Structures are given as C-alpha cells and as structure tokens.
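What follows is the content of work05.pdb (PDB, C-alpha atoms and all ligand atoms).
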```
MODEL        1
ATOM      1  CA  MET Y   1     -41.606 -34.423  43.535  1.00  0.00           C
ATOM      2  CA  LYS Y   2     -39.240 -31.874  42.019  1.00  0.00           C
ATOM      3  CA  PRO Y   3     -36.278 -33.325  40.164  1.00  0.00           C
ATOM      4  CA  SER Y   4     -32.935 -32.637  41.783  1.00  0.00           C
ATOM      5  CA  PHE Y   5     -30.220 -30.600  40.133  1.00  0.00           C
ATOM      6  CA  MET Y   6     -28.021 -33.737  39.804  1.00  0.00           C
ATOM      7  CA  GLY Y   7     -30.911 -35.565  38.201  1.00  0.00           C
ATOM      8  CA  ILE Y   8     -31.344 -32.897  35.538  1.00  0.00           C
ATOM      9  CA  LEU Y   9     -27.595 -32.962  34.865  1.00  0.00           C
ATOM     10  CA  PHE Y  10     -27.614 -36.748  34.478  1.00  0.00           C
ATOM     11  CA  LEU Y  11     -30.585 -36.599  32.102  1.00  0.00           C
ATOM     12  CA  ALA Y  12     -28.971 -33.894  29.939  1.00  0.00           C
ATOM     13  CA  SER Y  13     -25.637 -35.710  29.640  1.00  0.00           C
ATOM     14  CA  SER Y  14     -27.400 -38.968  28.764  1.00  0.00           C
ATOM     15  CA  LEU Y  15     -29.268 -37.268  25.949  1.00  0.00           C
ATOM     16  CA  LEU Y  16     -26.084 -35.687  24.597  1.00  0.00           C
ATOM     17  CA  CYS Y  17     -24.096 -38.930  24.746  1.00  0.00           C
ATOM     18  CA  GLY Y  18     -26.834 -40.713  22.886  1.00  0.00           C
ATOM     19  CA  GLN Y  19     -26.531 -38.415  19.915  1.00  0.00           C
ATOM     20  CA  GLU Y  20     -24.210 -39.216  17.002  1.00  0.00           C
ATOM     21  CA  ARG Y  21     -22.060 -36.219  16.256  1.00  0.00           C
ATOM     22  CA  VAL Y  22     -22.308 -35.489  12.547  1.00  0.00           C
ATOM     23  CA  THR Y  23     -18.792 -35.034  11.140  1.00  0.00           C
ATOM     24  CA  PRO Y  24     -17.332 -35.895   7.746  1.00  0.00           C
ATOM     25  CA  GLN Y  25     -15.987 -39.412   7.725  1.00  0.00           C
ATOM     26  CA  PRO Y  26     -12.506 -40.144   6.380  1.00  0.00           C
ATOM     27  CA  ARG Y  27     -12.374 -41.718   2.960  1.00  0.00           C
ATOM     28  CA  VAL Y  28     -11.816 -45.474   3.132  1.00  0.00           C
ATOM     29  CA  VAL Y  29      -8.487 -46.707   1.760  1.00  0.00           C
ATOM     30  CA  ASP Y  30      -7.443 -50.339   1.666  1.00  0.00           C
ATOM     31  CA  PRO Y  31      -3.890 -50.053   3.028  1.00  0.00           C
ATOM     32  CA  GLY Y  32      -2.585 -52.966   0.962  1.00  0.00           C
ATOM     33  CA  GLY Y  33       0.413 -54.855   2.279  1.00  0.00           C
ATOM     34  CA  ALA Y  34       3.755 -56.252   1.230  1.00  0.00           C
ATOM     35  CA  ALA Y  35       4.168 -55.501  -2.479  1.00  0.00           C
ATOM     36  CA  LYS Y  36       0.521 -54.408  -2.595  1.00  0.00           C
ATOM     37  CA  PRO Y  37      -0.018 -50.630  -2.746  1.00  0.00           C
ATOM     38  CA  PRO Y  38      -2.903 -48.819  -1.045  1.00  0.00           C
ATOM     39  CA  SER Y  39      -6.139 -48.860  -3.014  1.00  0.00           C
ATOM     40  CA  ASP Y  40      -5.933 -45.188  -3.989  1.00  0.00           C
ATOM     41  CA  ALA Y  41      -2.308 -45.302  -5.143  1.00  0.00           C
ATOM     42  CA  VAL Y  42      -1.216 -44.557  -8.677  1.00  0.00           C
ATOM     43  CA  LEU Y  43       1.068 -47.335  -9.889  1.00  0.00           C
ATOM     44  CA  LEU Y  44       4.115 -45.868 -11.592  1.00  0.00           C
ATOM     45  CA  PHE Y  45       5.693 -49.226 -12.382  1.00  0.00           C
ATOM     46  CA  ASN Y  46       3.469 -52.164 -13.217  1.00  0.00           C
ATOM     47  CA  GLY Y  47       6.199 -54.784 -12.696  1.00  0.00           C
ATOM     48  CA  LYS Y  48       5.739 -56.099 -16.215  1.00  0.00           C
ATOM     49  CA  ASP Y  49       7.073 -53.512 -18.652  1.00  0.00           C
ATOM     50  CA  MET Y  50       8.308 -49.939 -18.960  1.00  0.00           C
ATOM     51  CA  SER Y  51       5.078 -48.560 -20.389  1.00  0.00           C
ATOM     52  CA  GLY Y  52       4.738 -46.095 -17.501  1.00  0.00           C
ATOM     53  CA  TRP Y  53       8.087 -44.477 -18.253  1.00  0.00           C
ATOM     54  CA  HIS Y  54      10.006 -42.752 -20.998  1.00  0.00           C
ATOM     55  CA  THR Y  55      13.352 -41.079 -21.632  1.00  0.00           C
ATOM     56  CA  LEU Y  56      13.976 -37.370 -21.202  1.00  0.00           C
ATOM     57  CA  THR Y  57      13.505 -36.940 -24.936  1.00  0.00           C
ATOM     58  CA  GLY Y  58      10.222 -38.822 -24.963  1.00  0.00           C
ATOM     59  CA  GLY Y  59      11.534 -42.120 -26.316  1.00  0.00           C
ATOM     60  CA  PRO Y  60      10.933 -45.570 -24.851  1.00  0.00           C
ATOM     61  CA  ALA Y  61      12.741 -46.218 -21.571  1.00  0.00           C
ATOM     62  CA  LYS Y  62      15.700 -48.554 -22.033  1.00  0.00           C
ATOM     63  CA  CYS Y  63      15.558 -50.326 -18.681  1.00  0.00           C
ATOM     64  CA  THR Y  64      14.720 -54.023 -18.729  1.00  0.00           C
ATOM     65  CA  VAL Y  65      12.047 -55.765 -16.677  1.00  0.00           C
ATOM     66  CA  ALA Y  66      12.036 -59.283 -15.244  1.00  0.00           C
ATOM     67  CA  ASP Y  67      10.281 -60.831 -12.240  1.00  0.00           C
ATOM     68  CA  GLY Y  68       8.713 -57.520 -11.224  1.00  0.00           C
ATOM     69  CA  VAL Y  69      12.081 -55.745 -11.152  1.00  0.00           C
ATOM     70  CA  MET Y  70      13.227 -52.856 -13.326  1.00  0.00           C
ATOM     71  CA  SER Y  71      16.971 -52.906 -14.102  1.00  0.00           C
ATOM     72  CA  CYS Y  72      18.568 -49.724 -15.403  1.00  0.00           C
ATOM     73  CA  ARG Y  73      22.140 -49.951 -16.622  1.00  0.00           C
ATOM     74  CA  THR Y  74      24.567 -47.086 -17.036  1.00  0.00           C
ATOM     75  CA  GLY Y  75      23.974 -45.468 -20.386  1.00  0.00           C
ATOM     76  CA  ALA Y  76      20.223 -46.143 -20.408  1.00  0.00           C
ATOM     77  CA  GLY Y  77      19.725 -42.500 -19.403  1.00  0.00           C
ATOM     78  CA  ASP Y  78      17.426 -40.931 -16.854  1.00  0.00           C
ATOM     79  CA  ILE Y  79      13.835 -42.083 -17.047  1.00  0.00           C
ATOM     80  CA  ILE Y  80      10.704 -40.169 -16.126  1.00  0.00           C
ATOM     81  CA  SER Y  81       7.246 -41.362 -15.241  1.00  0.00           C
ATOM     82  CA  ASN Y  82       4.279 -40.639 -17.491  1.00  0.00           C
ATOM     83  CA  GLN Y  83       2.431 -39.496 -14.370  1.00  0.00           C
ATOM     84  CA  THR Y  84       3.022 -36.004 -13.054  1.00  0.00           C
ATOM     85  CA  PHE Y  85       2.327 -34.761  -9.556  1.00  0.00           C
ATOM     86  CA  GLN Y  86       2.885 -32.083  -6.938  1.00  0.00           C
ATOM     87  CA  ASP Y  87       2.161 -32.976  -3.316  1.00  0.00           C
ATOM     88  CA  ALA Y  88       2.448 -36.725  -2.970  1.00  0.00           C
ATOM     89  CA  GLN Y  89       3.248 -39.739  -0.842  1.00  0.00           C
ATOM     90  CA  ILE Y  90       5.766 -41.774  -2.793  1.00  0.00           C
ATOM     91  CA  HIS Y  91       6.974 -45.311  -2.230  1.00  0.00           C
ATOM     92  CA  LEU Y  92       9.725 -47.117  -4.064  1.00  0.00           C
ATOM     93  CA  GLU Y  93      12.137 -49.952  -3.464  1.00  0.00           C
ATOM     94  CA  PHE Y  94      15.635 -50.086  -4.835  1.00  0.00           C
ATOM     95  CA  ALA Y  95      18.841 -52.086  -4.753  1.00  0.00           C
ATOM     96  CA  VAL Y  96      22.237 -50.567  -5.467  1.00  0.00           C
ATOM     97  CA  PRO Y  97      25.029 -52.741  -6.887  1.00  0.00           C
ATOM     98  CA  TYR Y  98      28.048 -53.799  -4.863  1.00  0.00           C
ATOM     99  CA  MET Y  99      31.014 -51.892  -6.275  1.00  0.00           C
ATOM    100  CA  PRO Y 100      33.913 -52.350  -3.814  1.00  0.00           C
ATOM    101  CA  GLY Y 101      36.405 -50.938  -6.303  1.00  0.00           C
ATOM    102  CA  GLN Y 102      34.735 -47.525  -6.160  1.00  0.00           C
ATOM    103  CA  LYS Y 103      34.415 -44.862  -3.463  1.00  0.00           C
ATOM    104  CA  GLY Y 104      32.084 -42.036  -2.495  1.00  0.00           C
ATOM    105  CA  GLN Y 105      29.773 -40.844  -5.257  1.00  0.00           C
ATOM    106  CA  MET Y 106      31.298 -43.347  -7.701  1.00  0.00           C
ATOM    107  CA  ARG Y 107      29.653 -46.266  -5.882  1.00  0.00           C
ATOM    108  CA  GLY Y 108      26.147 -47.289  -6.912  1.00  0.00           C
ATOM    109  CA  ASN Y 109      24.518 -43.900  -7.455  1.00  0.00           C
ATOM    110  CA  SER Y 110      21.051 -42.969  -8.641  1.00  0.00           C
ATOM    111  CA  GLY Y 111      18.382 -40.642  -7.345  1.00  0.00           C
ATOM    112  CA  VAL Y 112      14.686 -40.002  -7.152  1.00  0.00           C
ATOM    113  CA  PHE Y 113      13.901 -36.584  -8.543  1.00  0.00           C
ATOM    114  CA  LEU Y 114      10.623 -35.277  -7.133  1.00  0.00           C
ATOM    115  CA  GLN Y 115       8.780 -33.300  -9.767  1.00  0.00           C
ATOM    116  CA  SER Y 116      11.915 -33.983 -11.859  1.00  0.00           C
ATOM    117  CA  CYS Y 117      13.532 -31.184  -9.885  1.00  0.00           C
ATOM    118  CA  TYR Y 118      14.480 -32.172  -6.329  1.00  0.00           C
ATOM    119  CA  GLU Y 119      16.749 -35.184  -5.867  1.00  0.00           C
ATOM    120  CA  VAL Y 120      16.341 -37.609  -3.018  1.00  0.00           C
ATOM    121  CA  GLN Y 121      19.711 -39.291  -3.239  1.00  0.00           C
ATOM    122  CA  ILE Y 122      20.184 -42.979  -3.873  1.00  0.00           C
ATOM    123  CA  LEU Y 123      23.740 -44.041  -3.135  1.00  0.00           C
ATOM    124  CA  ASP Y 124      25.542 -46.997  -1.644  1.00  0.00           C
ATOM    125  CA  SER Y 125      26.155 -45.350   1.730  1.00  0.00           C
ATOM    126  CA  TYR Y 126      26.934 -48.573   3.581  1.00  0.00           C
ATOM    127  CA  GLN Y 127      30.409 -47.956   5.036  1.00  0.00           C
ATOM    128  CA  ASN Y 128      31.014 -45.538   2.190  1.00  0.00           C
ATOM    129  CA  PRO Y 129      31.408 -41.967   3.480  1.00  0.00           C
ATOM    130  CA  THR Y 130      30.874 -38.972   1.235  1.00  0.00           C
ATOM    131  CA  TYR Y 131      29.641 -35.405   1.767  1.00  0.00           C
ATOM    132  CA  ALA Y 132      26.608 -35.698   4.016  1.00  0.00           C
ATOM    133  CA  ASP Y 133      24.075 -33.873   1.852  1.00  0.00           C
ATOM    134  CA  GLY Y 134      24.955 -36.192  -1.000  1.00  0.00           C
ATOM    135  CA  SER Y 135      24.550 -39.459   0.900  1.00  0.00           C
ATOM    136  CA  LEU Y 136      21.665 -41.919   0.923  1.00  0.00           C
ATOM    137  CA  GLY Y 137      18.651 -40.281   2.534  1.00  0.00           C
ATOM    138  CA  ALA Y 138      19.760 -36.751   1.633  1.00  0.00           C
ATOM    139  CA  VAL Y 139      17.724 -34.192  -0.221  1.00  0.00           C
ATOM    140  CA  TYR Y 140      20.692 -33.621  -2.467  1.00  0.00           C
ATOM    141  CA  GLY Y 141      22.408 -30.302  -1.881  1.00  0.00           C
ATOM    142  CA  PHE Y 142      19.872 -29.184   0.716  1.00  0.00           C
ATOM    143  CA  SER Y 143      19.631 -31.513   3.660  1.00  0.00           C
ATOM    144  CA  ALA Y 144      21.786 -34.331   5.057  1.00  0.00           C
ATOM    145  CA  PRO Y 145      19.906 -37.321   6.483  1.00  0.00           C
ATOM    146  CA  LEU Y 146      19.290 -37.404  10.241  1.00  0.00           C
ATOM    147  CA  VAL Y 147      20.934 -40.841  10.422  1.00  0.00           C
ATOM    148  CA  ASN Y 148      22.603 -43.309   8.076  1.00  0.00           C
ATOM    149  CA  ALA Y 149      20.075 -46.145   7.748  1.00  0.00           C
ATOM    150  CA  ALA Y 150      21.673 -47.730   4.674  1.00  0.00           C
ATOM    151  CA  ARG Y 151      21.538 -51.446   4.102  1.00  0.00           C
ATOM    152  CA  HIS Y 152      24.339 -53.420   2.486  1.00  0.00           C
ATOM    153  CA  PRO Y 153      24.486 -53.007  -1.309  1.00  0.00           C
ATOM    154  CA  GLU Y 154      22.428 -55.507  -3.319  1.00  0.00           C
ATOM    155  CA  GLU Y 155      19.872 -55.698  -0.501  1.00  0.00           C
ATOM    156  CA  TRP Y 156      16.440 -54.231  -1.190  1.00  0.00           C
ATOM    157  CA  GLN Y 157      15.808 -50.887   0.494  1.00  0.00           C
ATOM    158  CA  THR Y 158      12.721 -48.692   0.727  1.00  0.00           C
ATOM    159  CA  TYR Y 159      11.950 -45.025   0.460  1.00  0.00           C
ATOM    160  CA  ASP Y 160       8.682 -43.571   1.742  1.00  0.00           C
ATOM    161  CA  ILE Y 161       8.529 -39.879   0.947  1.00  0.00           C
ATOM    162  CA  ILE Y 162       5.972 -37.235   1.884  1.00  0.00           C
ATOM    163  CA  PHE Y 163       6.569 -34.421  -0.557  1.00  0.00           C
ATOM    164  CA  ARG Y 164       5.008 -30.993  -0.232  1.00  0.00           C
ATOM    165  CA  ALA Y 165       5.810 -29.174  -3.416  1.00  0.00           C
ATOM    166  CA  PRO Y 166       6.967 -25.554  -3.436  1.00  0.00           C
ATOM    167  CA  ARG Y 167       4.374 -23.015  -4.524  1.00  0.00           C
ATOM    168  CA  CYS Y 168       5.183 -20.078  -6.748  1.00  0.00           C
ATOM    169  CA  GLY Y 169       3.944 -16.517  -6.786  1.00  0.00           C
ATOM    170  CA  ALA Y 170       2.694 -14.636  -9.822  1.00  0.00           C
ATOM    171  CA  ASP Y 171       6.302 -13.929 -10.808  1.00  0.00           C
ATOM    172  CA  GLY Y 172       6.982 -17.651 -11.172  1.00  0.00           C
ATOM    173  CA  LYS Y 173       9.422 -17.706  -8.256  1.00  0.00           C
ATOM    174  CA  ILE Y 174       9.021 -19.876  -5.205  1.00  0.00           C
ATOM    175  CA  ALA Y 175       6.925 -17.989  -2.660  1.00  0.00           C
ATOM    176  CA  GLN Y 176       6.308 -20.899  -0.313  1.00  0.00           C
ATOM    177  CA  PRO Y 177       9.138 -23.436   0.053  1.00  0.00           C
ATOM    178  CA  GLY Y 178       8.360 -27.120  -0.245  1.00  0.00           C
ATOM    179  CA  SER Y 179       9.359 -29.851   2.158  1.00  0.00           C
ATOM    180  CA  ALA Y 180      10.211 -33.527   2.262  1.00  0.00           C
ATOM    181  CA  THR Y 181       9.680 -35.990   5.070  1.00  0.00           C
ATOM    182  CA  ILE Y 182      11.422 -39.258   4.310  1.00  0.00           C
ATOM    183  CA  LEU Y 183      11.637 -42.724   5.796  1.00  0.00           C
ATOM    184  CA  LEU Y 184      14.534 -44.852   4.582  1.00  0.00           C
ATOM    185  CA  ASN Y 185      14.055 -48.521   5.402  1.00  0.00           C
ATOM    186  CA  GLY Y 186      11.371 -47.426   7.870  1.00  0.00           C
ATOM    187  CA  VAL Y 187      13.710 -45.000   9.663  1.00  0.00           C
ATOM    188  CA  LEU Y 188      13.064 -41.240   9.702  1.00  0.00           C
ATOM    189  CA  VAL Y 189      15.881 -39.544   7.802  1.00  0.00           C
ATOM    190  CA  GLN Y 190      14.210 -36.240   6.841  1.00  0.00           C
ATOM    191  CA  ASP Y 191      11.658 -34.439   9.004  1.00  0.00           C
ATOM    192  CA  HIS Y 192      10.012 -31.658   7.000  1.00  0.00           C
ATOM    193  CA  ALA Y 193      13.312 -30.804   5.342  1.00  0.00           C
ATOM    194  CA  PRO Y 194      12.791 -27.495   3.524  1.00  0.00           C
ATOM    195  CA  ILE Y 195      13.068 -27.333  -0.249  1.00  0.00           C
ATOM    196  CA  PRO Y 196      13.688 -23.630  -0.826  1.00  0.00           C
ATOM    197  CA  LYS Y 197      14.604 -23.550  -4.521  1.00  0.00           C
ATOM    198  CA  ALA Y 198      15.306 -25.664  -7.580  1.00  0.00           C
ATOM    199  CA  GLY Y 199      17.779 -28.405  -6.734  1.00  0.00           C
ATOM    200  CA  PRO Y 200      20.969 -29.356  -8.577  1.00  0.00           C
ATOM    201  CA  GLY Y 201      20.036 -31.187 -11.750  1.00  0.00           C
ATOM    202  CA  CYS Y 202      16.526 -29.695 -11.902  1.00  0.00           C
ATOM    203  CA  LEU Y 203      15.129 -30.083 -15.391  1.00  0.00           C
ATOM    204  CA  GLN Y 204      12.007 -27.989 -14.985  1.00  0.00           C
ATOM    205  CA  LYS Y 205      11.958 -24.295 -15.830  1.00  0.00           C
ATOM    206  CA  ASP Y 206       8.738 -23.820 -13.929  1.00  0.00           C
ATOM    207  CA  VAL Y 207       9.732 -25.348 -10.605  1.00  0.00           C
ATOM    208  CA  CYS Y 208       6.194 -25.185  -9.237  1.00  0.00           C
ATOM    209  CA  ARG Y 209       4.518 -26.966 -12.131  1.00  0.00           C
ATOM    210  CA  PRO Y 210       3.473 -30.598 -11.605  1.00  0.00           C
ATOM    211  CA  GLY Y 211       6.289 -32.837 -12.772  1.00  0.00           C
ATOM    212  CA  PRO Y 212       7.114 -36.508 -13.172  1.00  0.00           C
ATOM    213  CA  LEU Y 213       9.170 -38.792 -10.974  1.00  0.00           C
ATOM    214  CA  ARG Y 214      12.619 -39.104 -12.475  1.00  0.00           C
ATOM    215  CA  LEU Y 215      15.114 -41.860 -11.775  1.00  0.00           C
ATOM    216  CA  GLN Y 216      18.713 -40.883 -12.281  1.00  0.00           C
ATOM    217  CA  ASP Y 217      21.275 -42.607 -14.455  1.00  0.00           C
ATOM    218  CA  HIS Y 218      24.453 -41.361 -12.791  1.00  0.00           C
ATOM    219  CA  SER Y 219      26.572 -41.451 -15.928  1.00  0.00           C
ATOM    220  CA  GLY Y 220      27.221 -39.320 -18.949  1.00  0.00           C
ATOM    221  CA  PHE Y 221      30.609 -38.175 -17.691  1.00  0.00           C
ATOM    222  CA  LYS Y 222      34.108 -39.459 -18.389  1.00  0.00           C
ATOM    223  CA  GLY Y 223      35.051 -42.406 -16.219  1.00  0.00           C
ATOM    224  CA  ALA Y 224      31.495 -43.195 -15.144  1.00  0.00           C
ATOM    225  CA  PRO Y 225      31.521 -46.738 -13.764  1.00  0.00           C
ATOM    226  CA  ASP Y 226      29.242 -49.403 -15.150  1.00  0.00           C
ATOM    227  CA  THR Y 227      26.305 -49.548 -12.756  1.00  0.00           C
ATOM    228  CA  THR Y 228      23.007 -51.376 -12.822  1.00  0.00           C
ATOM    229  CA  MET Y 229      20.327 -50.044 -10.501  1.00  0.00           C
ATOM    230  CA  LYS Y 230      17.253 -52.081  -9.627  1.00  0.00           C
ATOM    231  CA  PHE Y 231      13.792 -50.767  -8.743  1.00  0.00           C
ATOM    232  CA  ARG Y 232      10.450 -52.310  -7.885  1.00  0.00           C
ATOM    233  CA  ASN Y 233       7.079 -51.441  -6.325  1.00  0.00           C
ATOM    234  CA  ILE Y 234       6.952 -47.776  -7.283  1.00  0.00           C
ATOM    235  CA  TRP Y 235       3.708 -45.934  -6.537  1.00  0.00           C
ATOM    236  CA  LEU Y 236       2.420 -42.648  -5.264  1.00  0.00           C
ATOM    237  CA  ARG Y 237      -0.671 -41.149  -3.697  1.00  0.00           C
ATOM    238  CA  LYS Y 238      -1.493 -37.650  -4.771  1.00  0.00           C
ATOM    239  CA  LEU Y 239      -2.109 -35.428  -1.748  1.00  0.00           C
ATOM    240  CA  ASP Y 240      -3.250 -32.232  -3.423  1.00  0.00           C
ATOM    241  CA  GLN Y 241      -6.567 -33.400  -4.805  1.00  0.00           C
TER     242      GLN Y 241
HETATM  243 MG    MG Y 301      22.383 -39.372  -7.381  1.00  0.00          MG
ENDMDL
END
```

File written out as structure tokens:
Amino acid sequence: MKPSFMGILFLASSLLCGQERVTPQPRVVDPGGAAKPPSDAVLLFNGKDMSGWHTLTGGPAKCTVADGVMSCRTGAGDIISNQTFQDAQIHLEFAVPYMPGQKGQMRGNSGVFLQSCYEVQILDSYQNPTYADGSLGAVYGFSAPLVNAARHPEEWQTYDIIFRAPRCGADGKIAQPGSATILLNGVLVQDHAPIPKAGPGCLQKDVCRPGPLRLQDHSGFKGAPDTTMKFRNIWLRKLDQ
C-alpha cells in the first residue's frame, strides 16, 4: 500500500521534532539573592574593610566600615574602586542622612560616577524638589528620572544600573554615545538614557577608557553641610567580555 501524503508529512515532522537543535547554551549564573550577588559578579565592597577602594590621589579610603556598611563622612573625599570597567551591570545600596535643615542639593548628596565620568545622582529627593536632572535617579546634567521613586532619608535604597559606555573614534572623541538604564528601588527611572559626552565632574581625560566606580563626597566648598552617606552591597557584572 502506498503511504498517503498526510502520512509522509506526519513522519517527517516526527523526525524533526525528535531532533535536538544544536545551539549555544547560555552560561550558567547563580542569581544569588538578598545581599548575595550573582556568581559572576565582581565584589567592589567586601563589607569588611575599604581594601577595594582608594582616594583620588591613590591613598587609603577614609570611610569607616561596620556591620557590612561603609560610612563616608563629609571631608573623607571621593573614593574610587580598584576595579575598572566599561559596559557593566552595577548594583549598590545606599542610605542618605535626614537633614531637615537643608534644602535642594544641600540635603544628603552623593553620586555614583560610572567610569568616574558620568554621575548617577544620589540625593535625598523625598519631598525635596530641586532641578530635575539633578535629582535622585538622574544622570546628572543629562537626563531627569522618569519618576521620583525616592524613599524617606535614612531608609536603604537600591540602584541597579545597566551602563553601556561611550565608544571613541581614532580622534579620541565620542563616536558612539553611551547609555544608562536604571532601576531605583526596583522602579525604572532611566530607559536607555543617552550619555553623549563627558558629564559634569568627569575626572577622566580619555572618556572612553575603562574607569573605576567613584562615590562622591559632596563637599569641598564653603558652607558644605556635614553629611554621612552609607553604602553596602556594591558589585558589578562586566558586560563587555
Ligand atoms: Mg551628587
């Protein structure tokens, strides 16, 4: 008996479905959990000491560490990580002090400088208006946050940042702008915000070179209020390797 057309079709599809398609499998990463970073993350802060950080002049970082928390008081100066990076997923947790006697940028103010060049603002923006592209969740000077997802000062808050670093041409100028996608306390506040040039406060001459993470000490000017910023659980995953 001759096989029917439908029979041949059924046989062919059965054979195809039985085959494993050979495709590269994604690398396995243990996602970690609360206070536990993913297995392929680079720890920037070990929760015990400041050995992963130094001052802008290369000296030991002057922040103190207790109970897994880094405390950086006004006057300690900016600190930078020993690790450098370009494209990266970055996580950090922070708590700004409660300073009801201050307003705007004079409230608890720090910042996370990506590649030491592009500031993701840290500010007490809970019922504390200021210019939008300088508020919590802003890429300072470039992009205001989509929403204000600030928690009350002294509460722990989280940043999760996907940073695509700018790329330079042969002339050393940015040929391909970078971008930042940012979740603040789990809420999207930047969606591929463009980073077209060096940001205010950039310390790198070569803005496309891998750079460290830098945490801002918002002082060094007359009348700077006494501020202690707290940080914990700081890690990144390099995305350009
Ligand atoms: Mg700042």

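Here the question is which of Y:Cys202, Y:Leu56, Y:Leu239, Y:Ile122 gets nearest to Ala138 (chain Y) using only C-alpha atoms, and that residue is Y:Ile122.
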
What's around Ser51 (chain Y) at 10 Å? Count all atoms listed in the file, leave out sequence neighbours fewer than 6 positions away in its own chain, and write the answer as an mmCIF file with C-alpha atoms, keeping the file's coordinate frame.
```cif
data_model
loop_
_atom_site.group_PDB
_atom_site.id
_atom_site.type_symbol
_atom_site.label_atom_id
_atom_site.label_comp_id
_atom_site.auth_asym_id
_atom_site.auth_seq_id
_atom_site.Cartn_x
_atom_site.Cartn_y
_atom_site.Cartn_z
ATOM 1 C CA LEU Y 44 4.115 -45.868 -11.592
ATOM 2 C CA PHE Y 45 5.693 -49.226 -12.382
ATOM 3 C CA PRO Y 60 10.933 -45.570 -24.851
ATOM 4 C CA ALA Y 61 12.741 -46.218 -21.571
ATOM 5 C CA SER Y 81 7.246 -41.362 -15.241
ATOM 6 C CA ASN Y 82 4.279 -40.639 -17.491
#
```

Which chains and residue numbers are within 12 Å of ligand MG 301 (chain Y), counting only C-alpha atoms and all ligand atoms, if I want them as a ChimeraX atom specification?
-> /Y:78,96,104-113,118-125,133-141,199-201,214-219,229

Can you build me a table of region 13-72 of chain Y residues sitting at most 12 Å from region 85-90 of chain Y, with the closest atom pair per residue and its distance in Å to one decimal, using all atoms listed in the file, sorted by chain and residue number, as CSV?
```
residue,atom,partner,partner_atom,distance
Y:Pro37,CA,Y:Ile90,CA,10.6
Y:Pro38,CA,Y:Gln89,CA,11.0
Y:Asp40,CA,Y:Gln89,CA,11.1
Y:Ala41,CA,Y:Gln89,CA,9.0
Y:Val42,CA,Y:Ile90,CA,9.5
Y:Leu43,CA,Y:Ile90,CA,10.2
Y:Leu44,CA,Y:Ile90,CA,9.8
```

Between Y:Ala144, Y:Cys117, Y:Ala95, Y:Ile234, which one has atoms that come closest to Asp160 (chain Y), using all atoms listed in the file?
->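 That would be Y:Ile234, the residue with the smallest distance to Asp160 (chain Y).
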
Which value, in Å to one decimal, gives the distance between CA of Pro100 (chain Y) and CA of Ile182 (chain Y)?
-> 27.3 Å

Neighbourhood query: residues within 10 Å of (5.1, -54.1, -0.4), file coordinates, counting all atoms listed in the file; return as a ChimeraX atom specification.
-> /Y:32-38,91-93,158,232-234

Quick one, how far is CA of Glu154 (chain Y) from CA of Tyr98 (chain Y)?
->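 Between CA of Glu154 (chain Y) and CA of Tyr98 (chain Y) the gap is 6.1 Å.
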
How would you write, as a ChimeraX atom specification, the residues chosen by the PyMOL selection byres (((chain Y and resi 178) around 8) and not hetatm) on this structure?
-> /Y:163-167,176-177,179-180,194-196

Using CA of Pro145 (chain Y) and CA of Leu188 (chain Y) as the two end points, give the distance in Å to one decimal.
->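 Atom-to-atom, CA of Pro145 (chain Y) to CA of Leu188 (chain Y), that is 8.5 Å.
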
The PyMOL selection byres (((chain Y and resi 84) around 6) and not hetatm) resolved against shown file, as a tab-separated table (two decimals) with C-alpha atoms, in the coordinates of the input:
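Listed below is the output, out-v1.tsv:
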```
chain	number	residue	atom	x	y	z
Y	83	GLN	CA	2.43	-39.50	-14.37
Y	85	PHE	CA	2.33	-34.76	-9.56
Y	210	PRO	CA	3.47	-30.60	-11.60
Y	211	GLY	CA	6.29	-32.84	-12.77
Y	212	PRO	CA	7.11	-36.51	-13.17
```

What's the 12 Å shell around Lys48 (chain Y), counting all atoms listed in the file, without same-chain residues fewer than 6 positions away, as a list in words?
->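 Close residues of Lys48 (chain Y): Cys63, Thr64, Val65, Ala66, Asp67, Gly68, Val69, Met70, Ser71, Arg232 and Asn233 of chain Y.
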
Write out the residues from the selection above, keeping C-alpha atoms, as a PDB file, in the frame of the given file.
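Final output, again39.pdb:
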```pdb
ATOM      1  CA  CYS Y  63      15.558 -50.326 -18.681  1.00  0.00           C
ATOM      2  CA  THR Y  64      14.720 -54.023 -18.729  1.00  0.00           C
ATOM      3  CA  VAL Y  65      12.047 -55.765 -16.677  1.00  0.00           C
ATOM      4  CA  ALA Y  66      12.036 -59.283 -15.244  1.00  0.00           C
ATOM      5  CA  ASP Y  67      10.281 -60.831 -12.240  1.00  0.00           C
ATOM      6  CA  GLY Y  68       8.713 -57.520 -11.224  1.00  0.00           C
ATOM      7  CA  VAL Y  69      12.081 -55.745 -11.152  1.00  0.00           C
ATOM      8  CA  MET Y  70      13.227 -52.856 -13.326  1.00  0.00           C
ATOM      9  CA  SER Y  71      16.971 -52.906 -14.102  1.00  0.00           C
ATOM     10  CA  ARG Y 232      10.450 -52.310  -7.885  1.00  0.00           C
ATOM     11  CA  ASN Y 233       7.079 -51.441  -6.325  1.00  0.00           C
TER      12      ASN Y 233
END
```

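Nearest to Lys103 (chain Y) of all the residues Y:Thr130, Y:Val147, Y:Ile174, Y:Val28 is Y:Thr130, counting only C-alpha atoms.
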
Determine the nearest neighbour of Pro153 (chain Y) from the options Y:Gly169, Y:Pro97, Y:Gly77, Y:Pro129, counting only C-alpha atoms.
-> Y:Pro97

Can I get region 235-240 of chain Y with N, CA, C and O atoms filled in, as a short mmCIF file (atom, residue, chain, number, x, y, z; two decimals), in the frame of the given file?
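Contents of selection21.cif, freshly written:
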```cif
data_model
loop_
_atom_site.label_atom_id
_atom_site.label_comp_id
_atom_site.auth_asym_id
_atom_site.auth_seq_id
_atom_site.Cartn_x
_atom_site.Cartn_y
_atom_site.Cartn_z
N TRP Y 235 5.05 -46.50 -6.46
CA TRP Y 235 3.71 -45.93 -6.54
C TRP Y 235 3.67 -44.62 -5.78
O TRP Y 235 4.57 -44.31 -5.00
N LEU Y 236 2.62 -43.88 -6.03
CA LEU Y 236 2.42 -42.65 -5.26
C LEU Y 236 0.94 -42.42 -5.01
O LEU Y 236 0.08 -42.98 -5.69
N ARG Y 237 0.68 -41.62 -3.99
CA ARG Y 237 -0.67 -41.15 -3.70
C ARG Y 237 -0.64 -39.64 -3.78
O ARG Y 237 0.14 -39.00 -3.07
N LYS Y 238 -1.46 -39.09 -4.65
CA LYS Y 238 -1.49 -37.65 -4.77
C LYS Y 238 -2.19 -37.05 -3.55
O LYS Y 238 -3.26 -37.52 -3.15
N LEU Y 239 -1.58 -36.01 -3.00
CA LEU Y 239 -2.11 -35.43 -1.75
C LEU Y 239 -2.75 -34.07 -1.97
O LEU Y 239 -3.22 -33.46 -1.01
N ASP Y 240 -2.74 -33.59 -3.18
CA ASP Y 240 -3.25 -32.23 -3.42
C ASP Y 240 -4.56 -32.26 -4.20
O ASP Y 240 -4.88 -31.33 -4.91
#
```
